[in-house]
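Asks: Just input_27.cif, nothing more (mmCIF, C-alpha atoms):
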data_start
loop_
_atom_site.label_atom_id
_atom_site.label_comp_id
_atom_site.auth_asym_id
_atom_site.auth_seq_id
_atom_site.Cartn_x
_atom_site.Cartn_y
_atom_site.Cartn_z
CA LYS A 23 -12.70 52.03 -38.59
CA LYS A 24 -9.45 53.14 -40.10
CA ILE A 25 -6.19 52.18 -38.42
CA ILE A 26 -3.37 54.72 -38.58
CA VAL A 27 0.29 53.71 -38.56
CA THR A 28 2.50 54.78 -35.68
CA GLN A 29 4.93 56.50 -38.04
CA GLU A 30 2.13 58.74 -39.34
CA LEU A 31 1.29 59.70 -35.77
CA VAL A 32 4.91 60.58 -35.07
CA GLU A 33 5.17 62.62 -38.28
CA ASN A 34 1.99 64.52 -37.38
CA LYS A 35 3.25 65.05 -33.80
CA VAL A 36 0.22 63.47 -32.18
CA PRO A 37 0.80 63.08 -28.41
CA SER A 38 0.84 59.49 -27.17
CA SER A 39 -2.22 60.11 -24.97
CA TYR A 40 -4.29 60.72 -28.13
CA ARG A 41 -3.11 57.64 -30.02
CA ASP A 42 -6.19 55.46 -29.96
CA GLN A 43 -8.70 54.14 -32.52
CA CYS A 44 -9.81 57.72 -33.26
CA ALA A 45 -6.34 59.05 -34.06
CA HIS A 46 -7.05 58.95 -37.79
CA LEU A 47 -9.63 61.73 -37.26
CA LEU A 48 -7.35 63.89 -35.15
CA ASN A 49 -4.91 64.88 -37.91
CA PRO A 50 -7.55 66.46 -40.21
CA LEU A 51 -9.08 68.20 -37.20
CA ASN A 52 -5.77 69.70 -36.10
CA LYS A 53 -4.94 70.82 -39.65
CA CYS A 54 -8.33 72.49 -39.93
CA ARG A 55 -7.91 74.17 -36.56
CA GLN A 56 -4.52 75.58 -37.54
CA SER A 57 -5.75 76.83 -40.90
CA GLU A 58 -8.79 78.48 -39.27
CA PHE A 59 -6.81 80.00 -36.37
CA TYR A 60 -8.67 77.86 -33.79
CA LEU A 61 -11.98 79.70 -34.25
CA PRO A 62 -14.60 77.73 -32.28
CA TRP A 63 -17.29 77.87 -34.98
CA LYS A 64 -14.97 76.47 -37.64
CA CYS A 65 -14.13 72.78 -38.23
CA GLU A 66 -17.42 71.61 -36.76
CA ASN A 67 -17.68 68.52 -38.97
CA GLU A 68 -14.18 67.34 -38.10
CA ARG A 69 -14.67 68.04 -34.40
CA TYR A 70 -18.04 66.26 -34.38
CA SER A 71 -16.57 63.21 -36.11
CA TYR A 72 -13.70 63.03 -33.64
CA LYS A 73 -15.94 63.51 -30.58
CA LYS A 74 -18.40 60.90 -31.83
CA CYS A 75 -15.61 58.40 -32.36
CA GLU A 76 -14.26 59.07 -28.85
CA TYR A 77 -17.76 58.66 -27.37
CA GLU A 78 -18.29 55.35 -29.17
CA LEU A 79 -14.90 54.16 -27.97
CA VAL A 80 -15.74 54.98 -24.35
CA MET A 81 -19.13 53.27 -24.62
CA MET A 82 -17.50 50.18 -26.10
CA ARG A 83 -15.02 50.07 -23.21
CA MET A 84 -17.85 50.47 -20.68
CA LEU A 85 -19.80 47.58 -22.22
CA LEU A 86 -16.69 45.42 -22.18
CA MET A 87 -16.13 46.24 -18.51
CA LEU A 88 -19.75 45.37 -17.70
CA LYS A 89 -19.36 41.98 -19.39
CA MET A 90 -16.15 41.33 -17.49
CA ARG A 91 -17.81 42.23 -14.18
CA LYS A 92 -20.76 39.94 -14.89
CA GLN A 93 -18.44 37.07 -15.73
CA HIS A 94 -16.51 37.69 -12.55
CA GLU A 95 -19.72 37.77 -10.47
CA VAL A 96 -20.96 34.53 -11.98
CA LYS A 97 -17.61 32.90 -11.32
CA ASN A 98 -17.56 34.07 -7.70
CA TYR A 99 -21.19 33.09 -7.17
CA SER A 100 -20.52 29.54 -8.31
CA LYS A 101 -17.50 29.34 -5.99
CA ARG A 102 -19.56 30.56 -3.02
CA LYS A 103 -22.29 28.09 -3.86
CA LEU A 104 -19.76 25.27 -3.92
CA MET A 105 -18.33 26.33 -0.55
CA LEU A 106 -21.76 26.27 1.03
CA PHE A 107 -22.23 22.63 0.11
CA LEU A 108 -18.87 21.53 1.44
#
In structure tokens, what does this structure look like?
Replies:
Amino acid sequence: KKIIVTQELVENKVPSSYRDQCAHLLNPLNKCRQSEFYLPWKCENERYSYKKCEYELVMMRMLLMLKMRKQHEVKNYSKRKLMLFL
């Protein structure tokens, strides 16, 4: 995935809430939207690419959170097991 520099984001006036790993897809989408007067049936490829990237990012975060929870459960289980034997 492409990484976009912070200065490019500032120049393109991308809000800080949209500055994630998919920000490199947001600039072409916004340019297309402006040139097409925000018609909903235009810029479908750009919008699809951006939405897909956002979806993959959310799924990656969810998987990471699941792994962290499992590690935490295993850690707590071993502590409880130790306390039972004491």
Asks: Which of these, A:Leu31, A:Cys44, A:Leu86, A:Cys54, has the shortest distance to Glu66 (chain A) once you count only C-alpha atoms?
Replies: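 With only C-alpha atoms as the atom set, the closest residue is A:Cys54.
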Asks: Give the answer as one residue: which of A:Lys53, A:Tyr40, A:Glu30, A:Lys35 has the shortest atom-to-atom distance to Glu76 (chain A), using only C-alpha atoms?
Replies: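 Between A:Lys53, A:Tyr40, A:Glu30, A:Lys35, the residue approaching Glu76 (chain A) most closely is A:Tyr40.
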Asks: Given the file shown, enumerate the residues that the PyMOL selection byres ((chain A and resi 72) around 8) captures and present them as JSON, numbers by chain.
Replies: {"A": [44, 47, 48, 51, 68, 69, 70, 71, 73, 74, 75, 76]}
Asks: Can you write out the residues you just picked, keeping C-alpha atoms, as a PDB file, in the coordinates of the input?
Replies:
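Saved result, out-v9.pdb, follows:
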ATOM      1  CA  CYS A  44      -9.810  57.720 -33.260  1.00  0.00           C
ATOM      2  CA  LEU A  47      -9.630  61.730 -37.260  1.00  0.00           C
ATOM      3  CA  LEU A  48      -7.350  63.890 -35.150  1.00  0.00           C
ATOM      4  CA  LEU A  51      -9.080  68.200 -37.200  1.00  0.00           C
ATOM      5  CA  GLU A  68     -14.180  67.340 -38.100  1.00  0.00           C
ATOM      6  CA  ARG A  69     -14.670  68.040 -34.400  1.00  0.00           C
ATOM      7  CA  TYR A  70     -18.040  66.260 -34.380  1.00  0.00           C
ATOM      8  CA  SER A  71     -16.570  63.210 -36.110  1.00  0.00           C
ATOM      9  CA  LYS A  73     -15.940  63.510 -30.580  1.00  0.00           C
ATOM     10  CA  LYS A  74     -18.400  60.900 -31.830  1.00  0.00           C
ATOM     11  CA  CYS A  75     -15.610  58.400 -32.360  1.00  0.00           C
ATOM     12  CA  GLU A  76     -14.260  59.070 -28.850  1.00  0.00           C
TER      13      GLU A  76
END
Asks: One number please: CA of Met84 (chain A) to CA of Cys65 (chain A), in Å, one decimal.
Replies: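 These atoms are spaced 28.6 Å apart.
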Asks: Find the distance between CA of Leu79 (chain A) and CA of Ile26 (chain A) and write it in Å to one decimal.
Replies: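 Those two atoms sit 15.7 Å apart.
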Asks: Kindly give the distance, in Å, that separates CA of Pro37 (chain A) and CA of Leu85 (chain A), rounded to a single decimal.
Replies: 26.5 Å
Asks: Can I get region 49-66 of chain A with N, CA and C atoms filled in, as a short mmCIF file (atom, residue, chain, number, x, y, z; two decimals), keeping the file's coordinate frame?
Replies:
data_model
loop_
_atom_site.label_atom_id
_atom_site.label_comp_id
_atom_site.auth_asym_id
_atom_site.auth_seq_id
_atom_site.Cartn_x
_atom_site.Cartn_y
_atom_site.Cartn_z
N ASN A 49 -5.77 64.13 -37.01
CA ASN A 49 -4.91 64.88 -37.91
C ASN A 49 -5.69 65.88 -38.77
N PRO A 50 -6.78 65.47 -39.44
CA PRO A 50 -7.55 66.46 -40.21
C PRO A 50 -8.14 67.56 -39.32
N LEU A 51 -8.54 67.21 -38.12
CA LEU A 51 -9.08 68.20 -37.20
C LEU A 51 -8.02 69.23 -36.82
N ASN A 52 -6.84 68.77 -36.48
CA ASN A 52 -5.77 69.70 -36.10
C ASN A 52 -5.34 70.58 -37.27
N LYS A 53 -5.29 70.01 -38.47
CA LYS A 53 -4.94 70.82 -39.65
C LYS A 53 -5.99 71.90 -39.90
N CYS A 54 -7.24 71.52 -39.75
CA CYS A 54 -8.33 72.49 -39.93
C CYS A 54 -8.25 73.58 -38.87
N ARG A 55 -8.01 73.18 -37.64
CA ARG A 55 -7.91 74.17 -36.56
C ARG A 55 -6.79 75.17 -36.82
N GLN A 56 -5.64 74.69 -37.26
CA GLN A 56 -4.52 75.58 -37.54
C GLN A 56 -4.82 76.52 -38.70
N SER A 57 -5.45 75.99 -39.73
CA SER A 57 -5.75 76.83 -40.90
C SER A 57 -6.83 77.87 -40.60
N GLU A 58 -7.69 77.57 -39.63
CA GLU A 58 -8.79 78.48 -39.27
C GLU A 58 -8.49 79.28 -38.01
N PHE A 59 -7.24 79.24 -37.54
CA PHE A 59 -6.81 80.00 -36.37
C PHE A 59 -7.61 79.66 -35.11
N TYR A 60 -7.99 78.38 -34.97
CA TYR A 60 -8.67 77.86 -33.79
C TYR A 60 -9.99 78.58 -33.47
N LEU A 61 -10.66 79.07 -34.48
CA LEU A 61 -11.98 79.70 -34.25
C LEU A 61 -12.98 78.61 -33.87
N PRO A 62 -13.73 78.80 -32.80
CA PRO A 62 -14.60 77.73 -32.28
C PRO A 62 -15.73 77.33 -33.22
N TRP A 63 -16.17 78.21 -34.09
CA TRP A 63 -17.29 77.87 -34.98
C TRP A 63 -16.82 77.25 -36.29
N LYS A 64 -15.52 77.12 -36.45
CA LYS A 64 -14.97 76.47 -37.64
C LYS A 64 -14.68 75.00 -37.33
N CYS A 65 -14.51 74.20 -38.35
CA CYS A 65 -14.13 72.78 -38.23
C CYS A 65 -15.15 71.96 -37.45
N GLU A 66 -16.40 72.32 -37.54
CA GLU A 66 -17.42 71.61 -36.76
C GLU A 66 -17.58 70.16 -37.19
#
